[in-house]
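Peer 1: Here it is: the structure, laid out below.
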Amino acid sequence: MSVLGTVKELLESTNPQERGGTATGSSKGAYWCDDCDRRIPDADHEGTTPPTCPDCGEEMTFERSVDSASCSC
């Protein structure tokens, strides 16, 4: 199989969650812990307050607003 065929097969077989997105595509950003470099997609967090980092316990910050063109990856 050619390299191009392998890459195409890989992209077609990978679901959005495995690539860091959500299945519904409703993500508007992610919560980050600047100290630990830990990321939690907003679609994986329930509630209206920012989550605490599972590693260090500090409050995480939301990266990327709805109006922003920057990526939160």
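Chain labels follow the order of the structure tokens: the first chain is A, the next B, and so on; residue numbering restarts at 1 in every chain, and ligands are counted from 1 in their shown order.
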Find the residues near Thr52 (chain A): any atom within 10 Å, counting only C-alpha atoms, skip ones fewer than 6 places away on the same chain, and give them as a list in words.
Peer 2: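 Skipping anything fewer than 6 positions along the chain leaves Tyr31, Trp32, Cys33, Glu58, Glu59, Met60 and Thr61 of chain A.
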Peer 1: For the atom pair CA of Asp55 (chain A) and CA of Asp42 (chain A), what is the interatomic distance in Å to one decimal place?
Peer 2: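 Between these atoms lies a distance of 17.4 Å.
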Peer 1: What does the distance from CA of Ala30 (chain A) to CA of Arg64 (chain A) come to in Å, to one decimal?
Peer 2: 7.2 Å
Peer 1: I'd like the neighbourhood of Gly57 (chain A) as a PyMOL selection string, where a residue qualifies if any of its atoms comes within 12 Å (using only C-alpha atoms), though same-chain residues fewer than 3 positions away should be ignored.
Peer 2: chain A and resi 33-36+38+50-54+60
Peer 1: Any chance you could export the current selection's N, CA and C atoms as a PDB file, in the first residue's frame?
Peer 2:
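To be explicit, this is the file written out as out-v4.pdb:
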```pdb
ATOM      1  N   CYS A  33      -4.937  23.794  32.349  1.00  0.00           N
ATOM      2  CA  CYS A  33      -4.168  24.064  33.556  1.00  0.00           C
ATOM      3  C   CYS A  33      -2.789  24.497  33.079  1.00  0.00           C
ATOM      4  N   ASP A  34      -2.464  25.755  33.316  1.00  0.00           N
ATOM      5  CA  ASP A  34      -1.191  26.284  32.844  1.00  0.00           C
ATOM      6  C   ASP A  34      -0.004  25.629  33.535  1.00  0.00           C
ATOM      7  N   ASP A  35      -0.183  25.227  34.783  1.00  0.00           N
ATOM      8  CA  ASP A  35       0.922  24.614  35.517  1.00  0.00           C
ATOM      9  C   ASP A  35       1.210  23.190  35.058  1.00  0.00           C
ATOM     10  N   CYS A  36       0.172  22.429  34.793  1.00  0.00           N
ATOM     11  CA  CYS A  36       0.328  21.001  34.450  1.00  0.00           C
ATOM     12  C   CYS A  36       0.241  20.720  32.957  1.00  0.00           C
ATOM     13  N   ARG A  38      -2.472  20.412  31.368  1.00  0.00           N
ATOM     14  CA  ARG A  38      -3.583  19.465  31.261  1.00  0.00           C
ATOM     15  C   ARG A  38      -4.715  20.133  30.509  1.00  0.00           C
ATOM     16  N   PRO A  50     -15.625  26.776  36.098  1.00  0.00           N
ATOM     17  CA  PRO A  50     -14.458  26.063  35.569  1.00  0.00           C
ATOM     18  C   PRO A  50     -14.097  24.868  36.443  1.00  0.00           C
ATOM     19  N   PRO A  51     -13.635  23.786  35.818  1.00  0.00           N
ATOM     20  CA  PRO A  51     -13.234  22.614  36.606  1.00  0.00           C
ATOM     21  C   PRO A  51     -11.901  22.862  37.315  1.00  0.00           C
ATOM     22  N   THR A  52     -11.614  22.011  38.261  1.00  0.00           N
ATOM     23  CA  THR A  52     -10.287  22.036  38.882  1.00  0.00           C
ATOM     24  C   THR A  52      -9.437  20.975  38.202  1.00  0.00           C
ATOM     25  N   CYS A  53      -8.167  21.243  38.131  1.00  0.00           N
ATOM     26  CA  CYS A  53      -7.231  20.329  37.477  1.00  0.00           C
ATOM     27  C   CYS A  53      -7.171  19.022  38.260  1.00  0.00           C
ATOM     28  N   PRO A  54      -7.339  17.888  37.589  1.00  0.00           N
ATOM     29  CA  PRO A  54      -7.258  16.606  38.279  1.00  0.00           C
ATOM     30  C   PRO A  54      -5.859  16.292  38.805  1.00  0.00           C
ATOM     31  N   MET A  60      -8.971  25.632  36.485  1.00  0.00           N
ATOM     32  CA  MET A  60      -8.513  25.679  35.097  1.00  0.00           C
ATOM     33  C   MET A  60      -9.106  26.908  34.414  1.00  0.00           C
TER      34      MET A  60
END
```
